[in-house]
Every structure is written in C-alpha cells, then in structure tokens.
>>> print(open('query-v4.txt').read())   # compact mmCIF, C-alpha atoms and all ligand atoms
# COMPACT_ATOMS: atom_id res chain seq x y z
CA MET A 369 48.30 27.38 -3.43
CA ILE A 370 46.52 24.11 -4.02
CA HIS A 371 43.28 23.27 -2.21
CA ALA A 372 41.33 20.03 -2.24
CA ASN A 373 37.87 19.99 -3.80
CA GLU A 374 35.71 21.06 -0.88
CA ALA A 375 32.75 19.08 -2.17
CA TYR A 376 34.72 15.87 -1.56
CA LEU A 377 35.37 16.97 2.00
CA LYS A 378 31.62 16.86 2.67
CA LEU A 379 31.45 13.10 2.09
CA PRO A 380 30.78 11.39 5.41
CA GLY A 381 32.93 8.31 6.23
CA SER A 382 34.23 5.91 3.58
CA TYR A 383 32.34 4.25 0.75
CA LEU A 384 29.90 1.69 2.17
CA PHE A 385 31.60 -1.42 0.79
CA SER A 386 35.05 -0.19 1.80
CA THR A 387 33.79 0.25 5.39
CA ILE A 388 32.44 -3.29 5.36
CA ALA A 389 35.66 -4.69 3.88
CA LYS A 390 37.67 -2.98 6.65
CA LYS A 391 35.42 -4.37 9.38
CA VAL A 392 35.62 -7.88 7.94
CA ALA A 393 39.42 -7.65 7.60
CA ALA A 394 39.70 -6.60 11.27
CA PHE A 395 37.47 -9.50 12.34
CA THR A 396 39.46 -12.00 10.24
CA GLU A 397 42.73 -10.82 11.71
CA LYS A 398 41.42 -11.43 15.21
CA ASN A 399 39.72 -14.73 14.27
CA PRO A 400 41.92 -16.37 11.63
CA ASP A 401 40.35 -19.81 12.13
CA LYS A 402 36.75 -18.74 11.39
CA LYS A 403 35.29 -19.55 7.99
CA ILE A 404 33.61 -16.36 6.84
CA ILE A 405 30.74 -16.50 4.37
CA ARG A 406 30.54 -13.32 2.30
CA LEU A 407 27.04 -12.32 1.25
CA GLY A 408 27.76 -8.59 1.48
CA ILE A 409 28.94 -6.91 -1.71
CA GLY A 410 27.10 -8.09 -4.82
CA ASP A 411 30.10 -9.74 -6.41
CA VAL A 412 29.69 -12.84 -8.56
CA THR A 413 31.46 -16.10 -7.73
CA GLN A 414 30.83 -18.34 -10.75
CA PRO A 415 33.58 -18.45 -13.41
CA LEU A 416 33.04 -16.76 -16.76
CA CYS A 417 31.10 -19.10 -19.03
CA PRO A 418 32.93 -21.18 -21.72
CA ALA A 419 31.61 -19.10 -24.65
CA VAL A 420 33.06 -15.95 -23.07
CA ILE A 421 36.38 -17.59 -22.24
CA GLU A 422 36.68 -18.88 -25.80
CA ALA A 423 36.08 -15.36 -27.17
CA ILE A 424 38.72 -13.95 -24.80
CA HIS A 425 41.28 -16.53 -25.97
CA LYS A 426 40.51 -15.85 -29.63
CA ALA A 427 40.74 -12.07 -29.20
CA THR A 428 43.98 -12.46 -27.23
CA ASP A 429 45.47 -14.48 -30.11
CA GLU A 430 44.47 -11.67 -32.50
CA MET A 431 46.29 -9.19 -30.29
CA ALA A 432 49.44 -11.33 -30.59
CA LYS A 433 49.67 -10.93 -34.40
CA ALA A 434 50.72 -7.72 -36.14
CA GLU A 435 47.98 -8.02 -38.78
CA THR A 436 45.14 -8.36 -36.25
CA PHE A 437 46.57 -6.34 -33.36
CA ARG A 438 44.36 -3.47 -32.10
CA GLY A 439 45.40 -0.33 -30.28
CA TYR A 440 42.95 2.20 -28.88
CA ALA A 441 39.37 1.01 -29.11
CA PRO A 442 36.82 3.45 -30.57
CA ASP A 443 35.81 5.61 -27.60
CA LEU A 444 32.09 4.85 -27.98
CA GLY A 445 32.60 1.11 -28.50
CA TYR A 446 33.27 -1.28 -31.40
CA ASP A 447 30.44 -1.53 -33.94
CA PHE A 448 30.37 -5.32 -33.59
CA LEU A 449 29.30 -4.96 -29.94
CA ARG A 450 26.98 -1.97 -30.36
CA ASN A 451 25.20 -3.71 -33.27
CA THR A 452 24.92 -6.94 -31.31
CA ILE A 453 23.41 -5.16 -28.30
CA ALA A 454 20.88 -3.28 -30.44
CA GLU A 455 19.94 -6.49 -32.24
CA LYS A 456 19.99 -9.02 -29.38
CA VAL A 457 18.96 -6.92 -26.37
CA PHE A 458 16.70 -4.11 -27.54
CA ARG A 459 15.04 -5.48 -30.71
CA PRO A 460 13.49 -8.49 -28.92
CA LEU A 461 11.98 -6.10 -26.34
CA GLY A 462 10.17 -4.29 -29.16
CA THR A 463 12.26 -1.14 -28.64
CA ASP A 464 13.95 0.81 -31.41
CA ILE A 465 17.29 1.60 -29.77
CA ALA A 466 19.89 2.06 -32.51
CA ALA A 467 23.51 0.92 -32.27
CA ASP A 468 24.74 4.53 -32.26
CA GLU A 469 22.64 5.27 -29.16
CA ILE A 470 24.68 2.70 -27.20
CA PHE A 471 27.84 3.96 -25.47
CA VAL A 472 30.10 1.09 -24.41
CA SER A 473 32.04 1.64 -21.20
CA ASP A 474 34.05 -0.11 -18.52
CA GLY A 475 30.98 -0.69 -16.37
CA ALA A 476 27.72 0.71 -15.07
CA LYS A 477 29.22 1.85 -11.76
CA SER A 478 31.44 4.46 -13.40
CA ASP A 479 28.70 5.48 -15.84
CA SER A 480 26.20 5.91 -12.99
CA ALA A 481 28.74 8.10 -11.19
CA ASN A 482 29.85 10.11 -14.23
CA ILE A 483 26.59 10.74 -16.05
CA GLN A 484 25.67 13.61 -13.71
CA GLU A 485 28.51 15.64 -15.26
CA ILE A 486 26.42 16.51 -18.30
CA PHE A 487 23.83 18.32 -16.18
CA THR A 488 24.10 21.81 -14.81
CA GLN A 489 25.40 22.45 -11.31
CA ASN A 490 22.03 23.36 -9.80
CA THR A 491 20.31 20.20 -11.07
CA ARG A 492 17.98 18.92 -8.36
CA ILE A 493 18.26 15.15 -8.01
CA ALA A 494 15.72 12.68 -6.63
CA VAL A 495 16.78 9.29 -5.35
CA CYS A 496 15.04 6.29 -3.84
CA ASP A 497 15.74 5.77 -0.17
CA PRO A 498 17.39 3.27 0.33
CA VAL A 499 19.63 3.80 -2.70
CA TYR A 500 22.79 2.50 -4.37
CA PRO A 501 25.26 4.95 -2.70
CA VAL A 502 27.10 5.88 -5.90
CA TYR A 503 24.21 8.04 -7.19
CA VAL A 504 24.29 10.28 -4.13
CA ASP A 505 28.05 10.26 -3.51
CA SER A 506 28.84 11.26 -7.09
CA ASN A 507 26.45 14.21 -6.81
CA VAL A 508 28.05 15.17 -3.50
CA MET A 509 31.41 15.19 -5.29
CA ALA A 510 29.85 17.44 -7.93
CA GLY A 511 28.83 19.85 -5.18
CA ARG A 512 25.09 19.87 -5.82
CA THR A 513 23.60 18.04 -2.82
CA GLY A 514 23.68 20.80 -0.18
CA ASP A 515 24.61 19.96 3.39
CA TYR A 516 24.61 16.65 5.17
CA ASP A 517 22.59 16.25 8.34
CA SER A 518 24.25 13.55 10.40
CA GLU A 519 21.12 13.22 12.59
CA THR A 520 18.82 12.33 9.72
CA GLY A 521 21.40 11.02 7.24
CA LEU A 522 19.88 13.30 4.56
CA TRP A 523 21.38 15.89 2.21
CA SER A 524 19.53 19.18 2.21
CA ASN A 525 19.31 19.55 -1.57
CA VAL A 526 18.30 16.01 -2.49
CA ILE A 527 14.72 14.84 -2.91
CA TYR A 528 14.37 11.48 -1.17
CA MET A 529 11.70 9.02 -2.26
CA PRO A 530 11.22 6.54 0.58
CA CYS A 531 10.81 2.92 -0.47
CA THR A 532 9.33 1.09 2.47
CA GLU A 533 7.35 -2.00 3.33
CA ALA A 534 4.24 0.26 3.32
CA ASN A 535 4.61 1.21 -0.37
CA GLY A 536 5.97 -2.17 -1.46
CA TYR A 537 9.43 -0.59 -1.93
CA SER A 538 8.10 1.34 -4.93
CA PRO A 539 8.72 5.11 -4.79
CA GLU A 540 5.85 7.61 -5.11
CA LEU A 541 6.02 10.38 -7.72
CA PRO A 542 7.60 13.30 -5.83
CA LYS A 543 5.42 16.37 -5.23
CA GLU A 544 8.43 18.65 -5.40
CA VAL A 545 9.57 18.19 -8.99
CA PRO A 546 13.21 17.11 -9.49
CA ASP A 547 15.31 17.67 -12.61
CA LEU A 548 17.07 14.33 -12.54
CA ILE A 549 15.50 11.13 -11.17
CA TYR A 550 17.51 8.01 -10.39
CA LEU A 551 15.56 4.76 -10.58
CA CYS A 552 17.00 1.26 -10.31
CA PHE A 553 14.87 -1.80 -11.09
CA PRO A 554 15.27 -4.64 -10.21
CA ASN A 555 16.24 -2.63 -7.19
CA ASN A 556 19.54 -2.57 -5.42
CA PRO A 557 19.32 -2.91 -2.42
CA THR A 558 15.69 -3.98 -1.76
CA GLY A 559 15.37 -6.50 -4.60
CA ALA A 560 11.95 -4.99 -5.46
CA MET A 561 10.66 -4.72 -9.04
CA ILE A 562 8.37 -2.19 -10.70
CA SER A 563 5.50 -3.04 -13.05
CA LYS A 564 5.46 -1.70 -16.58
CA ALA A 565 2.36 0.38 -15.81
CA LYS A 566 4.08 1.99 -12.84
CA LEU A 567 7.24 2.69 -14.84
CA GLN A 568 5.07 4.26 -17.54
CA GLU A 569 3.75 6.67 -14.86
CA TRP A 570 7.35 7.72 -14.19
CA VAL A 571 8.03 8.26 -17.88
CA ASP A 572 4.87 10.37 -18.23
CA TYR A 573 5.80 12.34 -15.10
CA ALA A 574 9.32 13.03 -16.42
CA ASN A 575 8.06 14.11 -19.85
CA ARG A 576 5.40 16.34 -18.26
CA ASN A 577 8.01 18.06 -16.10
CA LYS A 578 10.93 18.06 -18.55
CA ALA A 579 12.93 15.93 -16.14
CA VAL A 580 15.34 13.12 -17.03
CA ILE A 581 15.24 9.60 -15.57
CA ILE A 582 18.49 7.69 -15.16
CA TYR A 583 17.25 4.12 -15.22
CA ASP A 584 19.71 1.59 -13.84
CA ALA A 585 18.79 -1.80 -15.30
CA ALA A 586 21.97 -3.60 -14.21
CA TYR A 587 19.95 -6.48 -12.74
CA GLU A 588 17.34 -6.94 -15.50
CA ALA A 589 18.53 -10.47 -16.28
CA TYR A 590 17.18 -11.55 -12.89
CA ILE A 591 13.56 -10.66 -13.64
CA SER A 592 11.54 -13.85 -13.37
CA GLU A 593 7.98 -12.55 -13.41
CA ALA A 594 6.11 -11.87 -16.65
CA ASP A 595 4.96 -8.35 -17.61
CA MET A 596 7.87 -6.65 -15.89
CA PRO A 597 9.88 -4.15 -17.96
CA HIS A 598 13.43 -5.19 -18.83
CA SER A 599 14.15 -1.73 -20.20
CA ILE A 600 12.62 1.69 -19.64
CA PHE A 601 12.48 2.02 -23.43
CA GLU A 602 9.59 -0.46 -23.39
CA CYS A 603 7.55 2.50 -22.11
CA GLU A 604 5.97 4.93 -24.52
CA GLY A 605 7.74 8.28 -24.58
CA ALA A 606 10.92 7.08 -22.82
CA ARG A 607 13.09 8.22 -25.74
CA THR A 608 12.49 11.84 -24.78
CA CYS A 609 13.16 11.49 -21.04
CA ALA A 610 15.35 8.48 -20.22
CA ILE A 611 18.92 7.30 -20.05
CA GLU A 612 19.48 3.61 -19.31
CA LEU A 613 22.49 2.06 -17.59
CA ARG A 614 23.38 -1.55 -18.38
CA SER A 615 26.05 -3.88 -17.08
CA PHE A 616 27.72 -7.16 -18.01
CA SER A 617 28.80 -7.66 -14.38
CA LYS A 618 25.67 -9.26 -13.05
CA ASN A 619 24.20 -10.85 -16.19
CA ALA A 620 27.44 -12.51 -17.31
CA GLY A 621 29.88 -12.37 -14.40
CA PHE A 622 32.06 -9.49 -15.65
CA THR A 623 32.65 -7.82 -12.25
CA GLY A 624 36.38 -8.45 -12.63
CA THR A 625 36.63 -7.96 -16.40
CA ARG A 626 34.55 -4.71 -16.53
CA LEU A 627 32.09 -3.95 -19.30
CA GLY A 628 28.87 -1.97 -19.42
CA TYR A 629 27.00 0.51 -21.56
CA THR A 630 24.72 3.49 -21.37
CA VAL A 631 21.85 4.15 -23.75
CA ILE A 632 21.03 7.75 -24.66
CA PRO A 633 18.42 8.21 -27.39
CA ARG A 634 19.09 10.87 -29.99
CA GLU A 635 15.78 12.60 -29.17
CA LEU A 636 16.80 13.20 -25.55
CA LYS A 637 17.30 16.93 -25.09
CA ASP A 638 17.53 19.28 -22.15
CA ALA A 639 14.90 22.02 -21.67
CA ASP A 640 16.81 24.28 -24.10
CA GLY A 641 17.01 21.64 -26.81
CA VAL A 642 20.63 20.60 -26.17
CA SER A 643 21.30 16.98 -27.20
CA LEU A 644 22.37 14.93 -24.19
CA HIS A 645 23.51 12.22 -26.60
CA SER A 646 26.04 14.67 -28.08
CA LEU A 647 27.25 15.79 -24.66
CA TRP A 648 27.88 12.23 -23.50
CA ALA A 649 29.68 11.45 -26.76
CA ARG A 650 31.84 14.54 -26.21
CA ARG A 651 32.57 13.48 -22.65
CA HIS A 652 33.51 9.92 -23.73
CA GLY A 653 35.83 11.28 -26.39
CA THR A 654 37.65 13.46 -23.89
CA LYS A 655 37.76 11.23 -20.83
CA PHE A 656 37.63 7.65 -22.09
CA ASN A 657 39.73 5.61 -24.48
CA GLY A 658 37.30 2.75 -24.97
CA ALA A 659 36.80 -0.60 -23.25
CA PRO A 660 39.44 -3.19 -24.20
CA TYR A 661 38.96 -5.06 -27.51
CA ILE A 662 39.35 -8.43 -25.78
CA ILE A 663 36.60 -7.63 -23.29
CA GLN A 664 34.26 -6.23 -25.94
CA ARG A 665 34.67 -9.50 -27.86
CA ALA A 666 33.86 -11.30 -24.60
CA GLY A 667 30.74 -9.15 -24.28
CA GLU A 668 29.69 -9.99 -27.83
CA ALA A 669 30.01 -13.70 -26.99
CA VAL A 670 27.43 -13.33 -24.21
CA TYR A 671 24.84 -12.91 -26.98
CA SER A 672 25.84 -15.96 -29.02
CA GLU A 673 23.48 -18.93 -28.74
CA GLU A 674 25.92 -20.75 -26.47
CA GLY A 675 26.63 -17.60 -24.45
CA GLN A 676 22.92 -17.02 -23.86
CA ARG A 677 22.36 -20.61 -22.75
CA GLN A 678 25.38 -20.58 -20.45
CA THR A 679 24.74 -17.20 -18.84
CA LYS A 680 21.08 -18.13 -18.28
CA GLU A 681 22.34 -21.19 -16.38
CA GLN A 682 24.47 -18.92 -14.19
CA ILE A 683 21.52 -16.67 -13.45
CA ALA A 684 19.38 -19.70 -12.59
CA TYR A 685 22.15 -20.83 -10.22
CA TYR A 686 22.15 -17.49 -8.39
CA MET A 687 18.38 -17.40 -8.30
CA LYS A 688 18.36 -20.83 -6.68
CA ASN A 689 20.59 -19.28 -4.00
CA ALA A 690 18.11 -16.40 -3.70
CA ARG A 691 15.29 -18.91 -3.06
CA THR A 692 17.45 -20.78 -0.53
CA ILE A 693 18.23 -17.56 1.34
CA TYR A 694 14.65 -16.28 1.18
CA ASP A 695 13.17 -19.56 2.44
CA GLY A 696 15.92 -20.04 5.03
CA LEU A 697 15.39 -16.59 6.52
CA GLN A 698 11.63 -17.04 6.55
CA ALA A 699 12.02 -20.39 8.32
CA ALA A 700 14.25 -18.64 10.86
CA GLY A 701 11.40 -16.18 11.54
CA TYR A 702 12.59 -13.13 9.60
CA THR A 703 10.40 -10.81 7.55
CA VAL A 704 11.85 -11.08 4.05
CA SER A 705 11.32 -9.51 0.62
CA GLY A 706 13.13 -9.29 -2.72
CA GLY A 707 14.88 -12.29 -4.22
CA VAL A 708 12.16 -13.01 -6.84
CA ASN A 709 13.20 -10.64 -9.63
CA ALA A 710 16.59 -9.76 -8.18
CA PRO A 711 19.66 -11.39 -6.64
CA TYR A 712 19.18 -9.37 -3.42
CA ILE A 713 17.19 -10.40 -0.34
CA TRP A 714 16.02 -7.68 2.01
CA LEU A 715 15.21 -8.59 5.60
CA LYS A 716 14.02 -6.84 8.71
CA VAL A 717 16.54 -7.00 11.54
CA PRO A 718 15.35 -8.25 14.95
CA ALA A 719 13.54 -5.67 17.11
CA GLY A 720 15.85 -3.54 19.21
CA MET A 721 18.80 -3.80 16.82
CA THR A 722 20.04 -1.27 14.27
CA SER A 723 21.23 -2.45 10.87
CA TRP A 724 24.87 -2.12 11.97
CA ASP A 725 24.15 -3.97 15.26
CA PHE A 726 22.83 -6.83 13.17
CA PHE A 727 25.89 -6.66 10.90
CA ASP A 728 28.18 -7.11 13.93
CA TYR A 729 25.94 -9.80 15.43
CA LEU A 730 25.87 -11.84 12.22
CA LEU A 731 29.60 -11.48 11.67
CA GLU A 732 30.51 -12.44 15.21
CA LYS A 733 27.97 -15.18 15.89
CA ALA A 734 27.45 -16.72 12.44
CA ASN A 735 30.54 -15.45 10.61
CA VAL A 736 28.26 -14.30 7.81
CA VAL A 737 28.82 -10.92 6.11
CA GLY A 738 25.86 -8.93 4.82
CA THR A 739 25.16 -5.25 4.14
CA PRO A 740 23.42 -3.00 6.67
CA GLY A 741 20.32 -1.39 5.16
CA SER A 742 21.12 1.98 6.75
CA GLY A 743 24.28 2.12 4.60
CA PHE A 744 21.94 2.69 1.63
CA GLY A 745 20.00 5.53 3.26
CA PRO A 746 17.88 6.39 6.29
CA SER A 747 14.86 4.33 5.18
CA GLY A 748 17.15 1.30 5.14
CA GLU A 749 17.60 1.53 8.90
CA GLY A 750 16.28 -1.63 10.56
CA TYR A 751 16.91 -3.64 7.38
CA PHE A 752 19.71 -5.79 6.02
CA ARG A 753 20.70 -7.02 2.55
CA LEU A 754 22.03 -10.46 1.64
CA THR A 755 23.21 -11.32 -1.85
CA ALA A 756 22.56 -14.48 -3.82
CA PHE A 757 25.93 -14.20 -5.61
CA GLY A 758 27.76 -16.62 -3.30
CA SER A 759 28.11 -20.34 -3.98
CA TYR A 760 25.11 -22.59 -3.39
CA GLU A 761 26.97 -24.44 -0.63
CA ASN A 762 27.74 -21.19 1.18
CA SER A 763 24.17 -19.97 0.80
CA VAL A 764 22.90 -23.19 2.41
CA GLU A 765 25.57 -23.07 5.13
CA ALA A 766 24.82 -19.40 5.89
CA MET A 767 21.14 -20.23 6.38
CA ASN A 768 22.00 -23.17 8.65
CA ARG A 769 24.15 -20.86 10.75
CA ILE A 770 21.46 -18.16 10.92
CA LYS A 771 18.76 -20.70 11.84
CA ALA A 772 21.01 -21.98 14.64
CA LEU A 773 21.45 -18.53 16.24
C1 LIG B 1 26.49 -3.90 -4.54
O1 LIG B 1 26.85 -4.77 -3.77
O2 LIG B 1 25.61 -3.07 -4.27
C2 LIG B 1 27.11 -3.89 -5.89
O3 LIG B 1 28.04 -4.89 -6.02
C3 LIG B 1 27.77 -2.65 -6.13
C4 LIG B 1 28.18 -2.48 -7.53
O4 LIG B 1 27.66 -3.14 -8.44
O5 LIG B 1 29.01 -1.63 -7.75
>>> encode(input="query-v4.txt", output="structure tokens", more="lines below")
Ligand code: MLT
Amino acid sequence: MIHANEAYLKLPGSYLFSTIAKKVAAFTEKNPDKKIIRLGIGDVTQPLCPAVIEAIHKATDEMAKAETFRGYAPDLGYDFLRNTIAEKVFRPLGTDIAADEIFVSDGAKSDSANIQEIFTQNTRIAVCDPVYPVYVDSNVMAGRTGDYDSETGLWSNVIYMPCTEANGYSPELPKEVPDLIYLCFPNNPTGAMISKAKLQEWVDYANRNKAVIIYDAAYEAYISEADMPHSIFECEGARTCAIELRSFSKNAGFTGTRLGYTVIPRELKDADGVSLHSLWARRHGTKFNGAPYIIQRAGEAVYSEEGQRQTKEQIAYYMKNARTIYDGLQAAGYTVSGGVNAPYIWLKVPAGMTSWDFFDYLLEKANVVGTPGSGFGPSGEGYFRLTAFGSYENSVEAMNRIKAL
C-alpha cells in the first residue's frame, strides 16, 4: 500500500509565492481593467544582454550541426564555465577556489533546497528569521524540523536567529549550537548586508563548533558599499566550514533560462572526516544530467568584457529602481531599510496592520503587489518587501500610487 511522505504533509499552506500568485490572479479576474504593478516575487524584467544572446545563438548553431552537436552535459558542468568562474569570479576576490570545486547546476533555488540531503537526518539547522522559505521548507520535506506551531509560526527543531531593526537585521551567533547554518547576504528578504568582520565571526564560530555554513550569495552583484564580502571564501578559514550558493538569475537575468552553481571546497569535511565535496559530486552524478550546453555558454558570456559591461548596466538599472522605491517610501512616511546593497526594500507596515493586511490594502487601493514580511517568518510580521526588479517606469508609478494613498 502506498503512502505519501508524511514529512510533506506537515508543510503548512502553499509556497509563499504561489499563494501570492493565486491572490493576484483572483484580484485580476475580478478587476480586469486595473493595471497591476508587480513588485512581489524577485523576478527580473530586463531582457538578457546582447553578449548573452549572441552566445546563445552561437551555441544553438553548434547544436544544429552533427560535428558540434552535444548530448548530455558533464554532470558537474563544462570545464569552460567552471574555469571561467574560478578565474573571473573567485580569483579577483583573492580567493583560491579551484574550477573542480564549482558544481554547475540549473539554479541556486534547487541547490539551496537539495544541499541538505548530504547531511544526516538529525542535523540541527539554524536560519535567520525572516528567511528565504526554501531553506526551511526543504528541511521540513526532509523530516528534520520537528513540529509546526501555528500560533508562533515556528518549527520545534529549528534554531531561529531573529533579524530585526534592533540588531540591524544581522543575526547573533546562536547560543544553542546548530550543525548547519543558513546565511544569505545580501539578504533576501530584508536587503541587509553583513560586514566582512562580522562574517569572519560566523566562520570562526562554525569552525570552532564543527558546523557548516550554507552561504547564499545569489545577490552579491548588488553590493554597492566597499569592504563588504562578495564571497564567504574571502574570510580566513571558510574552506573548512562553508558551502556557497551562486546564481546567474539576479546578476545576469537568467531567472527564465536557469543557471547557478555551488562551491564546495575539497577541505570541507564532516565531523568524521567525510568529504562533503565527494558526497555532492555523487549526488549530482545520480540525480542531475547537467545544465544545458547552450545555457552554460550563455553563462560563460556573462564574464566576457562585453558581458560584464552589459550586466553591470542592468544591475545599475535595478539599483536605480531600488533608490526610487526607497526614497518614494520614505517620502510617503514609511520606515524603510535595505535597497543599498540589495535589490530588496524592506518597510514597516502602518501601525495596526499585519503584513497580509497591508498586502491586501496595497493590492486593492494601489494595485501594487509586494510580499508580506510574515511570509518569510515570524520576525517578518509587521514588515513588507518590495523588489527593485520591475521596470523603472513601474517603480516610479508604484511610488506615485503609494504616496497618493
Ligand atoms: C524571491 O522573490 O524571494 C526570489 O525570487 C525567490 C527565488 O529566487 O527563488
């Protein structure tokens, strides 16, 4: 007799962005004439840059000829892309990440969800609160988070690290020591950044306690302030305690084309000396047949001179939106943070409203879609996230509508 995985049955509701999409679809059906501005999910809106498009066309032509056609990609990624990433991303940061420590994938979302598989069932995880929901949900699916308390919104076997206005949205080192620590900087959803000195404290803490940090650096291209770490491997000792997740979605507009990678240093071992690099390689070999050749060529093009210039222009475009949203909300009287080193702006909702009340209010009165802070965890209650990934015109228009409320 077949039974569903009971761990899945513990998941409350639907995935945050699916819930939002359903609510927006219901509103649109009732109000077909309203022009909705979507600043909810962090999805890019600018087209892929010319250097990337050119690489896609060239690789597509290769696929059309018998002599240059490619079948399965190598499961860990083509050397041309892994070498380029090591050379163009990690070398300039002064880190010594080697090409064979880079595992190319179809995106950081799936890697962030799947990476927990290589750790034992009773691994104790620590997450920031608020948090990108995938880290928690994937551990719920793995059956290691304990029970959900619908009153508090907390899982009994998860260590929560509140990120609040009081601590500048920077988590404190947990007193109860976790095995696996999820950190994301620039942060989704708060848009906060961590200094290199502070990140070094995390690395030292993890090494001291034989814990592993999963460092999600998907938004590193948006860092505008100096002396901020673009990679955890800039910290001394990170090679023995850290895994880094990287994405092409936000730095080059690949949300629809899918490409990312995970970095696992060869020195990274569990407490018994088992190589986590080998386990992830084994997992890739079994469960993944490689990201498409055409898309890996597109990824390589991001690091050409032209690709770098063009993608930097895109990032500057989104960051101009971030400034517009930040200033617009401030002018409208909101308490605002984020948006300086990240494409996310985090605002306090008006007194007396919950995050979801404000979601409904904004959708109905301004026809603007955002993301309720409580969807990212209990400490997000009373907050709201807007993304800078819309068009400039829509960002301006959204602020005009919000100011007019
Ligand atoms: C978000 O809006 O938080 C992101 O788009 C989610 C993602 O990157 O998967």
>>> closest_residue(input="query-v4.txt", among="A:Ile581, A:Ala467, A:Val508, A:Ile486", to="Ala375 of chain A", atoms="only C-alpha atoms")
A:Val508
>>> closest_residue(input="query-v4.txt", among="A:Ala560, A:Ala579, A:Cys603, A:Leu379", to="Gly706 of chain A", atoms="only C-alpha atoms")
A:Ala560
>>> atom_distance(input="query-v4.txt", atom1="atom CA of Arg438 of chain A", atom2="atom CA of Phe656 of chain A")
16.4 Å
>>> closest_residue(input="query-v4.txt", among="A:Gly559, A:Glu593, A:Ala756, A:Met509", to="Ala372 of chain A", atoms="all atoms listed in the file")
A:Met509
>>> closest_residue(input="query-v4.txt", among="A:Val736, A:Leu613, A:Val708, A:Ile465", to="ligand LIG 1 (chain B)", atoms="only C-alpha atoms and all ligand atoms")
A:Leu613
>>> axis_aligned_box(input="query-v4.txt", around="ligand LIG 1 (chain B)", padding_each_side="8 Å", output="JSON")
{"center_x": 27.3, "center_y": -3.3, "center_z": -6.1, "size_x": 19.4, "size_y": 19.3, "size_z": 20.7}
>>> residues_around(input="query-v4.txt", residues="Ser524 of chain A", least_positions_apart="2", cutoff="7 Å", atoms="all atoms listed in the file", output="ChimeraX atom specification")
/A:513-516,522,526
>>> residues_around(input="query-v4.txt", residues="segment 710-727 of chain A", least_positions_apart="2", cutoff="8 Å", atoms="only C-alpha atoms", output="VMD selection string")
chain A and resid 554 to 561 587 to 588 590 to 591 686 to 687 690 693 to 694 702 to 708 729 to 731 737 to 742 748 to 757
>>> write_last_selection(input="query-v4.txt", atoms="C-alpha atoms", output="PDB file, in the coordinates of the input")
ATOM      1  CA  PRO A 554      15.270  -4.640 -10.210  1.00  0.00           C
ATOM      2  CA  ASN A 555      16.240  -2.630  -7.190  1.00  0.00           C
ATOM      3  CA  ASN A 556      19.540  -2.570  -5.420  1.00  0.00           C
ATOM      4  CA  PRO A 557      19.320  -2.910  -2.420  1.00  0.00           C
ATOM      5  CA  THR A 558      15.690  -3.980  -1.760  1.00  0.00           C
ATOM      6  CA  GLY A 559      15.370  -6.500  -4.600  1.00  0.00           C
ATOM      7  CA  ALA A 560      11.950  -4.990  -5.460  1.00  0.00           C
ATOM      8  CA  MET A 561      10.660  -4.720  -9.040  1.00  0.00           C
ATOM      9  CA  TYR A 587      19.950  -6.480 -12.740  1.00  0.00           C
ATOM     10  CA  GLU A 588      17.340  -6.940 -15.500  1.00  0.00           C
ATOM     11  CA  TYR A 590      17.180 -11.550 -12.890  1.00  0.00           C
ATOM     12  CA  ILE A 591      13.560 -10.660 -13.640  1.00  0.00           C
ATOM     13  CA  TYR A 686      22.150 -17.490  -8.390  1.00  0.00           C
ATOM     14  CA  MET A 687      18.380 -17.400  -8.300  1.00  0.00           C
ATOM     15  CA  ALA A 690      18.110 -16.400  -3.700  1.00  0.00           C
ATOM     16  CA  ILE A 693      18.230 -17.560   1.340  1.00  0.00           C
ATOM     17  CA  TYR A 694      14.650 -16.280   1.180  1.00  0.00           C
ATOM     18  CA  TYR A 702      12.590 -13.130   9.600  1.00  0.00           C
ATOM     19  CA  THR A 703      10.400 -10.810   7.550  1.00  0.00           C
ATOM     20  CA  VAL A 704      11.850 -11.080   4.050  1.00  0.00           C
ATOM     21  CA  SER A 705      11.320  -9.510   0.620  1.00  0.00           C
ATOM     22  CA  GLY A 706      13.130  -9.290  -2.720  1.00  0.00           C
ATOM     23  CA  GLY A 707      14.880 -12.290  -4.220  1.00  0.00           C
ATOM     24  CA  VAL A 708      12.160 -13.010  -6.840  1.00  0.00           C
ATOM     25  CA  TYR A 729      25.940  -9.800  15.430  1.00  0.00           C
ATOM     26  CA  LEU A 730      25.870 -11.840  12.220  1.00  0.00           C
ATOM     27  CA  LEU A 731      29.600 -11.480  11.670  1.00  0.00           C
ATOM     28  CA  VAL A 737      28.820 -10.920   6.110  1.00  0.00           C
ATOM     29  CA  GLY A 738      25.860  -8.930   4.820  1.00  0.00           C
ATOM     30  CA  THR A 739      25.160  -5.250   4.140  1.00  0.00           C
ATOM     31  CA  PRO A 740      23.420  -3.000   6.670  1.00  0.00           C
ATOM     32  CA  GLY A 741      20.320  -1.390   5.160  1.00  0.00           C
ATOM     33  CA  SER A 742      21.120   1.980   6.750  1.00  0.00           C
ATOM     34  CA  GLY A 748      17.150   1.300   5.140  1.00  0.00           C
ATOM     35  CA  GLU A 749      17.600   1.530   8.900  1.00  0.00           C
ATOM     36  CA  GLY A 750      16.280  -1.630  10.560  1.00  0.00           C
ATOM     37  CA  TYR A 751      16.910  -3.640   7.380  1.00  0.00           C
ATOM     38  CA  PHE A 752      19.710  -5.790   6.020  1.00  0.00           C
ATOM     39  CA  ARG A 753      20.700  -7.020   2.550  1.00  0.00           C
ATOM     40  CA  LEU A 754      22.030 -10.460   1.640  1.00  0.00           C
ATOM     41  CA  THR A 755      23.210 -11.320  -1.850  1.00  0.00           C
ATOM     42  CA  ALA A 756      22.560 -14.480  -3.820  1.00  0.00           C
ATOM     43  CA  PHE A 757      25.930 -14.200  -5.610  1.00  0.00           C
TER      44      PHE A 757
END
